[in-house]
Every structure is written in structure tokens, then in C-alpha cells.
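Novice: To be precise about what I am sending: the file is called start_22.cif and holds mmCIF, C-alpha atoms (C1' of nucleotides).
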```
data_start
#
loop_
_atom_site.group_PDB
_atom_site.id
_atom_site.type_symbol
_atom_site.label_atom_id
_atom_site.label_comp_id
_atom_site.auth_asym_id
_atom_site.auth_seq_id
_atom_site.Cartn_x
_atom_site.Cartn_y
_atom_site.Cartn_z
ATOM 1 C CA MET A 1 -9.694 32.629 2.203
ATOM 2 C CA ALA A 2 -11.478 30.653 4.857
ATOM 3 C CA ASP A 3 -13.341 32.928 7.196
ATOM 4 C CA LYS A 4 -14.845 31.862 10.446
ATOM 5 C CA GLN A 5 -18.191 32.039 8.784
ATOM 6 C CA GLU A 6 -20.996 29.682 9.586
ATOM 7 C CA TYR A 7 -23.853 28.482 7.470
ATOM 8 C CA ARG A 8 -27.226 26.943 8.116
ATOM 9 C CA MET A 9 -28.253 23.803 6.304
ATOM 10 C CA ALA A 10 -29.813 25.436 3.272
ATOM 11 C CA GLU A 11 -26.971 27.866 2.817
ATOM 12 C CA LEU A 12 -24.309 25.212 3.133
ATOM 13 C CA ALA A 13 -26.133 22.940 0.731
ATOM 14 C CA GLU A 14 -26.416 25.719 -1.798
ATOM 15 C CA ARG A 15 -22.745 26.568 -1.570
ATOM 16 C CA ALA A 16 -21.835 22.942 -1.969
ATOM 17 C CA GLY A 17 -24.192 22.489 -4.862
ATOM 18 C CA ILE A 18 -26.256 19.774 -3.267
ATOM 19 C CA THR A 19 -29.700 19.537 -1.765
ATOM 20 C CA VAL A 20 -30.428 19.698 1.916
ATOM 21 C CA ARG A 21 -31.612 16.136 1.758
ATOM 22 C CA THR A 22 -28.271 15.018 0.393
ATOM 23 C CA LEU A 23 -26.528 16.943 3.107
ATOM 24 C CA ARG A 24 -28.409 15.017 5.745
ATOM 25 C CA PHE A 25 -27.742 11.832 3.839
ATOM 26 C CA TYR A 26 -24.002 12.407 3.971
ATOM 27 C CA ARG A 27 -24.197 13.147 7.644
ATOM 28 C CA GLU A 28 -26.010 9.899 8.311
ATOM 29 C CA ARG A 29 -23.285 8.051 6.464
ATOM 30 C CA GLY A 30 -20.655 9.608 8.655
ATOM 31 C CA LEU A 31 -19.112 11.533 5.807
ATOM 32 C CA LEU A 32 -19.647 14.810 7.523
ATOM 33 C CA ALA A 33 -18.865 15.949 11.029
ATOM 34 C CA PRO A 34 -21.845 16.874 13.176
ATOM 35 C CA PRO A 35 -22.692 20.559 13.006
ATOM 36 C CA ARG A 36 -22.608 22.910 15.955
ATOM 37 C CA ARG A 37 -26.047 22.910 17.449
ATOM 38 C CA GLU A 38 -27.700 26.025 18.711
ATOM 39 C CA GLY A 39 -31.035 24.832 19.886
ATOM 40 C CA ARG A 40 -32.937 24.007 16.764
ATOM 41 C CA ILE A 41 -30.431 25.376 14.294
ATOM 42 C CA ALA A 42 -27.525 23.441 12.871
ATOM 43 C CA TRP A 43 -24.486 25.576 12.155
ATOM 44 C CA TYR A 44 -21.915 24.412 9.648
ATOM 45 C CA ASP A 45 -18.571 26.031 8.957
ATOM 46 C CA ASP A 46 -15.958 26.097 6.228
ATOM 47 C CA HIS A 47 -14.618 22.724 7.279
ATOM 48 C CA HIS A 48 -17.924 21.170 6.412
ATOM 49 C CA LEU A 49 -17.997 23.049 3.147
ATOM 50 C CA ALA A 50 -14.491 21.905 2.283
ATOM 51 C CA ARG A 51 -15.488 18.346 3.077
ATOM 52 C CA LEU A 52 -18.509 18.549 0.825
ATOM 53 C CA ARG A 53 -16.355 19.866 -1.974
ATOM 54 C CA THR A 54 -13.984 16.985 -1.420
ATOM 55 C CA ILE A 55 -16.814 14.496 -1.511
ATOM 56 C CA ALA A 56 -18.105 16.003 -4.729
ATOM 57 C CA ALA A 57 -14.634 15.834 -6.251
ATOM 58 C CA LEU A 58 -14.248 12.198 -5.258
ATOM 59 C CA LEU A 59 -17.640 11.320 -6.652
ATOM 60 C CA GLU A 60 -16.613 12.979 -9.900
ATOM 61 C CA ARG A 61 -13.653 10.673 -9.976
ATOM 62 C CA GLY A 62 -15.938 7.702 -9.742
ATOM 63 C CA HIS A 63 -15.522 6.914 -6.093
ATOM 64 C CA THR A 64 -18.379 5.257 -4.283
ATOM 65 C CA LEU A 65 -20.021 6.826 -1.278
ATOM 66 C CA SER A 66 -19.005 3.967 0.963
ATOM 67 C CA GLY A 67 -15.477 4.240 -0.289
ATOM 68 C CA ILE A 68 -15.500 7.895 0.529
ATOM 69 C CA ALA A 69 -16.917 7.085 3.932
ATOM 70 C CA GLU A 70 -13.881 4.940 4.628
ATOM 71 C CA LEU A 71 -11.631 7.750 3.564
ATOM 72 C CA ALA A 72 -13.593 10.190 5.659
ATOM 73 C CA GLU A 73 -12.124 8.646 8.747
ATOM 74 C CA ALA A 74 -8.654 9.123 7.383
ATOM 75 C CA LEU A 75 -9.575 12.656 6.488
ATOM 76 C CA ASP A 76 -10.485 13.328 10.068
ATOM 77 C CA HIS A 77 -7.155 12.138 11.384
ATOM 78 C CA GLY A 78 -4.909 13.387 8.653
ATOM 79 C CA ARG A 79 -4.776 16.784 7.089
ATOM 80 C CA ASP A 80 -5.217 17.099 3.371
ATOM 81 C CA VAL A 81 -5.656 13.559 2.115
ATOM 82 C CA ALA A 82 -8.104 14.887 -0.455
ATOM 83 C CA ASP A 83 -5.811 15.336 -3.396
ATOM 84 C CA LEU A 84 -3.772 12.316 -2.435
ATOM 85 C CA LEU A 85 -6.140 10.193 -4.481
ATOM 86 C CA GLY A 86 -6.065 11.852 -7.841
ATOM 87 C CA VAL A 87 -4.152 15.059 -7.889
ATOM 88 C CA ALA A 88 -0.833 13.735 -6.668
ATOM 89 C CA PRO A 89 0.015 10.525 -8.518
ATOM 90 C CA PRO A 90 3.826 11.068 -8.601
ATOM 91 C CA THR A 91 4.109 9.744 -5.086
ATOM 92 C CA GLU A 92 1.553 8.177 -2.853
ATOM 93 C CA GLU A 93 3.242 9.599 0.180
ATOM 94 C CA GLU A 94 1.827 12.760 1.580
ATOM 95 C CA PRO A 95 3.976 15.151 3.552
ATOM 96 C CA VAL A 96 2.662 16.245 6.917
ATOM 97 C CA ARG A 97 3.243 19.637 8.428
ATOM 98 C CA LEU A 98 3.240 19.838 12.173
ATOM 99 C CA THR A 99 4.460 22.057 14.925
ATOM 100 C CA PRO A 100 7.295 20.965 17.220
ATOM 101 C CA GLU A 101 4.671 20.642 19.937
ATOM 102 C CA GLU A 102 2.565 18.288 17.850
ATOM 103 C CA LEU A 103 5.609 16.235 17.031
ATOM 104 C CA ALA A 104 6.564 15.997 20.681
ATOM 105 C CA ALA A 105 3.034 14.942 21.523
ATOM 106 C CA ARG A 106 3.203 12.132 18.992
ATOM 107 C CA PHE A 107 6.334 10.662 20.537
ATOM 108 C CA GLU A 108 5.944 11.390 24.197
ATOM 109 C CA GLY A 109 9.324 12.139 25.698
ATOM 110 C CA GLU A 110 11.161 10.446 22.863
ATOM 111 C CA VAL A 111 11.905 13.529 20.808
ATOM 112 C CA THR A 112 15.480 13.947 21.945
ATOM 113 C CA PRO A 113 18.066 15.979 20.072
ATOM 114 C CA GLU A 114 19.686 12.704 19.015
ATOM 115 C CA ASN A 115 16.492 11.266 17.592
ATOM 116 C CA LEU A 116 15.666 14.544 15.932
ATOM 117 C CA ALA A 117 19.053 14.589 14.267
ATOM 118 C CA ALA A 118 18.636 11.003 13.142
ATOM 119 C CA ALA A 119 15.226 11.726 11.650
ATOM 120 C CA LEU A 120 16.560 14.786 9.859
ATOM 121 C CA ASP A 121 19.502 12.799 8.606
ATOM 122 C CA LEU A 122 17.211 10.098 7.279
ATOM 123 C CA GLY A 123 15.192 12.718 5.503
ATOM 124 C CA TYR A 124 12.076 11.797 7.429
ATOM 125 C CA LEU A 125 11.894 15.280 8.797
ATOM 126 C CA GLY A 126 12.560 18.643 7.301
ATOM 127 C CA THR A 127 11.863 22.159 8.486
ATOM 128 C CA ASP A 128 9.836 24.930 6.959
ATOM 129 C CA GLY A 129 9.972 28.052 9.035
ATOM 130 C CA ASP A 130 8.626 27.248 12.471
ATOM 131 C CA GLU A 131 6.967 24.125 11.243
ATOM 132 C CA ILE A 132 8.265 20.621 10.838
ATOM 133 C CA VAL A 133 7.515 18.575 7.769
ATOM 134 C CA HIS A 134 7.450 14.813 7.795
ATOM 135 C CA ILE A 135 7.848 13.334 4.332
ATOM 136 C CA SER A 136 5.234 10.656 4.775
ATOM 137 C CA ARG A 137 2.056 10.537 6.764
ATOM 138 C CA ARG A 138 2.154 6.767 6.694
ATOM 139 C CA LEU A 139 5.657 6.563 8.038
ATOM 140 C CA LEU A 140 4.803 9.123 10.670
ATOM 141 C CA ASP A 141 1.751 7.187 11.750
ATOM 142 C CA VAL A 142 3.562 3.878 11.829
ATOM 143 C CA SER A 143 6.520 5.168 13.770
ATOM 144 C CA SER A 144 4.377 6.829 16.384
ATOM 145 C CA ALA A 145 2.360 3.620 16.645
ATOM 146 C CA LEU A 146 5.518 1.601 17.197
ATOM 147 C CA VAL A 147 6.711 4.008 19.850
ATOM 148 C CA ARG A 148 3.347 3.762 21.518
ATOM 149 C CA GLU A 149 3.891 0.000 21.597
ATOM 150 C CA GLY A 150 6.926 0.588 23.723
ATOM 151 C CA ILE A 151 9.634 0.452 21.098
ATOM 152 C CA PRO A 152 12.257 3.165 21.595
ATOM 153 C CA LEU A 153 12.168 5.800 18.902
ATOM 154 C CA ALA A 154 15.906 5.479 18.401
ATOM 155 C CA GLU A 155 15.430 1.854 17.403
ATOM 156 C CA VAL A 156 12.471 2.658 15.217
ATOM 157 C CA LEU A 157 14.610 5.168 13.376
ATOM 158 C CA SER A 158 17.533 2.833 12.877
ATOM 159 C CA ALA A 159 15.137 0.165 11.676
ATOM 160 C CA GLY A 160 13.790 2.741 9.251
ATOM 161 C CA ALA A 161 17.272 3.347 7.939
ATOM 162 C CA ARG A 162 17.755 -0.353 7.301
ATOM 163 C CA VAL A 163 14.384 -0.686 5.615
ATOM 164 C CA ARG A 164 15.383 2.252 3.454
ATOM 165 C CA GLN A 165 18.435 0.347 2.233
ATOM 166 C CA HIS A 166 16.405 -2.686 1.298
ATOM 167 C CA ALA A 167 13.749 -0.547 -0.343
ATOM 168 C CA ASP A 168 16.382 1.152 -2.447
ATOM 169 C CA ALA A 169 17.693 -2.218 -3.522
ATOM 170 C CA LEU A 170 14.199 -3.363 -4.467
ATOM 171 C CA ALA A 171 13.532 -0.145 -6.368
ATOM 172 C CA ASP A 172 16.774 -0.630 -8.268
ATOM 173 C CA LEU A 173 15.784 -4.159 -9.116
ATOM 174 C CA PHE A 174 12.403 -3.206 -10.490
ATOM 175 C CA THR A 175 13.638 -0.150 -12.302
ATOM 176 C CA ASP A 176 16.335 -2.130 -14.011
ATOM 177 C CA LEU A 177 13.974 -4.961 -14.885
ATOM 178 C CA ILE A 178 11.328 -2.698 -16.369
ATOM 179 C CA VAL A 179 13.574 -0.287 -18.179
ATOM 180 C CA ARG A 180 15.618 -3.103 -19.687
ATOM 181 C CA HIS A 181 12.543 -4.568 -21.388
ATOM 182 C CA GLY A 182 10.487 -1.574 -22.379
ATOM 183 C CA PRO A 183 10.142 2.184 -22.560
ATOM 184 C CA GLU A 184 10.938 4.151 -19.458
ATOM 185 C CA GLU A 185 7.348 5.366 -19.350
ATOM 186 C CA ASN A 186 6.412 1.916 -18.118
ATOM 187 C CA LEU A 187 7.994 2.766 -14.796
ATOM 188 C CA HIS A 188 5.037 4.823 -13.768
ATOM 189 C CA ARG A 189 2.447 2.416 -15.079
ATOM 190 C CA LEU A 190 3.991 -0.713 -13.607
ATOM 191 C CA ARG A 191 4.743 0.837 -10.274
ATOM 192 C CA PRO A 192 1.706 -0.711 -8.583
ATOM 193 C CA LEU A 193 2.913 -4.145 -9.666
ATOM 194 C CA ALA A 194 6.229 -3.620 -7.970
ATOM 195 C CA ARG A 195 4.458 -2.568 -4.826
ATOM 196 C CA SER A 196 2.223 -5.625 -4.915
ATOM 197 C CA VAL A 197 5.118 -8.004 -5.300
ATOM 198 C CA VAL A 198 6.929 -6.579 -2.322
ATOM 199 C CA GLU A 199 3.802 -6.530 -0.234
ATOM 200 C CA ALA A 200 2.969 -10.136 -1.079
ATOM 201 C CA GLU A 201 6.477 -11.398 -0.511
ATOM 202 C CA LEU A 202 6.732 -9.612 2.784
ATOM 203 C CA SER A 203 3.449 -11.130 3.820
ATOM 204 C CA LEU A 204 4.667 -14.607 2.967
ATOM 205 C CA ALA A 205 7.978 -14.010 4.695
ATOM 206 C CA LEU A 206 6.207 -12.943 7.874
ATOM 207 C CA ASP A 207 4.037 -16.036 7.657
ATOM 208 C CA ARG A 208 7.146 -18.155 7.539
ATOM 209 C CA ARG A 209 8.578 -16.446 10.591
ATOM 210 C CA VAL A 210 5.401 -16.996 12.550
ATOM 211 C CA ARG A 211 5.392 -20.655 11.571
ATOM 212 C CA GLU A 212 9.052 -21.166 12.408
ATOM 213 C CA ARG A 213 8.570 -19.621 15.816
ATOM 214 C CA LYS A 214 5.619 -21.822 16.580
ATOM 215 C CA GLU A 215 7.547 -24.950 15.598
ATOM 216 C CA GLY A 216 10.462 -23.760 17.661
ATOM 217 C CA GLU A 217 8.297 -23.554 20.756
ATOM 218 C CA GLN A 218 6.970 -27.061 20.314
ATOM 219 C CA GLY A 219 10.417 -28.476 19.735
ATOM 220 C CA GLU A 220 11.830 -26.875 22.829
ATOM 221 C CA ASP A 221 9.116 -27.999 25.184
ATOM 222 C "C1'" DA B 1 -43.326 31.432 10.593
ATOM 223 C "C1'" DT B 2 -38.983 29.227 10.472
ATOM 224 C "C1'" DT B 3 -35.687 25.374 10.680
ATOM 225 C "C1'" DC B 4 -34.876 20.742 10.964
ATOM 226 C "C1'" DT B 5 -36.126 15.678 11.481
ATOM 227 C "C1'" DT B 6 -38.804 11.639 10.664
ATOM 228 C "C1'" DA B 7 -40.989 8.620 7.712
ATOM 229 C "C1'" DC B 8 -42.420 7.059 3.564
ATOM 230 C "C1'" DA B 9 -42.026 6.416 -1.382
ATOM 231 C "C1'" DT C 1 -32.883 11.329 -3.099
ATOM 232 C "C1'" DG C 2 -37.703 13.922 -3.099
ATOM 233 C "C1'" DT C 3 -41.340 15.247 -0.318
ATOM 234 C "C1'" DA C 4 -45.012 15.474 3.002
ATOM 235 C "C1'" DA C 5 -45.948 15.830 7.877
ATOM 236 C "C1'" DG C 6 -44.832 17.230 12.310
ATOM 237 C "C1'" DG C 7 -41.937 18.782 16.593
ATOM 238 C "C1'" DA C 8 -39.840 22.807 18.721
#
```
Translate the structure described by the file into C-alpha cells.
Specialist:
Amino acid sequence: MADKQEYRMAELAERAGITVRTLRFYRERGLLAPPRREGRIAWYDDHHLARLRTIAALLERGHTLSGIAELAEALDHGRDVADLLGVAPPTEEEPVRLTPEELAARFEGEVTPENLAAALDLGYLGTDGDEIVHISRRLLDVSSALVREGIPLAEVLSAGARVRQHADALADLFTDLIVRHGPEENLHRLRPLARSVVEAELSLALDRRVRERKEGEQGED
DNA sequence: ATTCTTACA
DNA sequence: TGTAAGGA
């Protein structure tokens, strides 16, 4: 499907259904990776073409160029965030496929058999042939960030398990509340509200902890 | 002559 | 975003 073909500006623009000027415009906005330069000529490949198609699709959906620019960064770090925005509303979590090597690289030295088993048990990880699938890019990113901060992966995983319990309880609460007072279809529509409530409350709760700790310091000194 | 960039509208 | 002008 995707050959190792390369295109010059005009050809790429034509295939993407835009003008050369627009192509340059996108590049200036950081929406497109720099092309391979061969002296005077700029060579683009299928990655660029795919990106342009993505941009076009997002524009169709009413996204602004600057909004897309923000997402472009995420696109460069993650894999296929493209359809995450419109094509996959059932869940906002995108699975990530990665090789065992890539996984090991993300959690330097922490990918022990024990941790692997724990992650599999939690359902964070699954396997698909030789590849490993993480259920959520966000969770993957966060956990590797925490490990990078010096927190042992084993503890990150057990914390994840506890968060899972609370999340289930919250989901039960909202589901019950919504379904008890309206059609079940509301579940999908009101989902963002549930998310907002939890996010806001967590924010406030963290604020309280910060405040309590500060007062504690002053009292002790 | 061709391919791309710069600058201006 | 189009286009004219100019560098390589």
C-alpha cells in the first residue's frame, strides 16, 4: 500500500489535492515534517502524504489549523492519532502497538517478568503475534513518565490497579445516576460531563492536599 | 530550463 | 492563499 516512493512538491501537492503554496504554508506552521533535501529539490514521501490527508480530514471536520498544529506534535510522537478525533468515539483511549524492544526502551530496566505479568493481569498489556499492545496511549505515556521520574514500575502498576477500582466505582455511580433518570442513550452523550466532574474534583482535591502540606510545614517549624 | 523560496498583495 | 520575481 505504502511504497517507498518519493514526490517533489508539485506532485505531492497534487496527490494531496492542495496547491504548492498551501503545502509550504503547512510546513511553515509546523504541520508537516521537513522534506528530505537533495540540493535544490525537496523530496516528500508517503508519510507527508498521509499527514496531508489527515490535515484535510481534520479541516473537513471543522478543526482549525492551529488546533491541528497542536495535534501535529502528538501525531509525531504517537502513531495513529488521526482517527482518534472523529472516527473512534466509543472510547477516547487509543491502543498502542509496540515491539518488546520498544516497550523495554520505554521503561529502562524495569520490564521484569513480574511487572510484565502485573501489566498483563491489569489488562494494560496484551499480545498480538510478536507485538505488544497497550490499551491506552495516555496510560502508557503517563506510566513511562512516572518511571522516568524515578518511581518504580511495580508501584506505578499497583497504583494503577487502585485507580482502576476507584474509576470503576465512579463509572458505576454515573451510569446508575444517568440511567435511572433517562434513556440509556444518554450514557454516551453525557459521558463528557462525567469526565469533567471527576477531573474538576480531582483538581480540587489535589489543591487541598497541597494546601494542607504547606500548613503542616509552617506548623511544624 | 527547472525547482523552490522570498516577498508582496 | 495567489503570484511575481529571483537564487541556484
Novice: What is the atom CA of Arg195 of chain A-atom CA of Arg138 of chain A distance in Å, reported with one decimal?
Specialist: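 Taking atom CA of Arg195 of chain A as the start and atom CA of Arg138 of chain A as the end point, the length is 15.0 Å.
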Novice: How would you write, as JSON, numbers by chain, the residues chosen by the PyMOL selection byres ((chain C) within 9 of (chain A)) on this structure?
Specialist: {"C": [1, 2, 8]}
Novice: Identify all chain A residues at most 10 Å from chain B by counting only C-alpha atoms (C1' of nucleotides); ligands do not count. Present them as a PyMOL selection string.
Specialist: chain A and resi 8-10+24+40-42
Novice: Kindly save the residues from that selection, with C-alpha atoms included, as a PDB file, in the coordinates of the input.
Specialist:
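Output file selection01.pdb follows:
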```
ATOM      1  CA  ARG A   8     -27.226  26.943   8.116  1.00  0.00           C
ATOM      2  CA  MET A   9     -28.253  23.803   6.304  1.00  0.00           C
ATOM      3  CA  ALA A  10     -29.813  25.436   3.272  1.00  0.00           C
ATOM      4  CA  ARG A  24     -28.409  15.017   5.745  1.00  0.00           C
ATOM      5  CA  ARG A  40     -32.937  24.007  16.764  1.00  0.00           C
ATOM      6  CA  ILE A  41     -30.431  25.376  14.294  1.00  0.00           C
ATOM      7  CA  ALA A  42     -27.525  23.441  12.871  1.00  0.00           C
TER       8      ALA A  42
END
```
Novice: Take atom CA of Gly67 of chain A and atom CA of Ala194 of chain A and report the distance between them in Å, one decimal.
Specialist: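 Interatomic distance here is 24.3 Å.
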Novice: Quick one: pull the distance between atom CA of Thr175 of chain A and atom CA of Arg209 of chain A, Å, one decimal.
Specialist: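 Computing the Euclidean distance for atom CA of Thr175 of chain A and atom CA of Arg209 of chain A yields 28.6 Å.
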Novice: Can you translate the PyMOL selection byres ((chain A and resi 95) around 7) into the concrete residues it hits in this file, as a PyMOL selection string?
Specialist: chain A and resi 93-94+96-97+133-137
Novice: Deliver the residues from the most recent selection as a file, using C-alpha atoms, as an mmCIF file, in the coordinates of the input.
Specialist:
```
data_model
loop_
_atom_site.group_PDB
_atom_site.id
_atom_site.type_symbol
_atom_site.label_atom_id
_atom_site.label_comp_id
_atom_site.auth_asym_id
_atom_site.auth_seq_id
_atom_site.Cartn_x
_atom_site.Cartn_y
_atom_site.Cartn_z
ATOM 1 C CA GLU A 93 3.242 9.599 0.180
ATOM 2 C CA GLU A 94 1.827 12.760 1.580
ATOM 3 C CA VAL A 96 2.662 16.245 6.917
ATOM 4 C CA ARG A 97 3.243 19.637 8.428
ATOM 5 C CA VAL A 133 7.515 18.575 7.769
ATOM 6 C CA HIS A 134 7.450 14.813 7.795
ATOM 7 C CA ILE A 135 7.848 13.334 4.332
ATOM 8 C CA SER A 136 5.234 10.656 4.775
ATOM 9 C CA ARG A 137 2.056 10.537 6.764
#
```
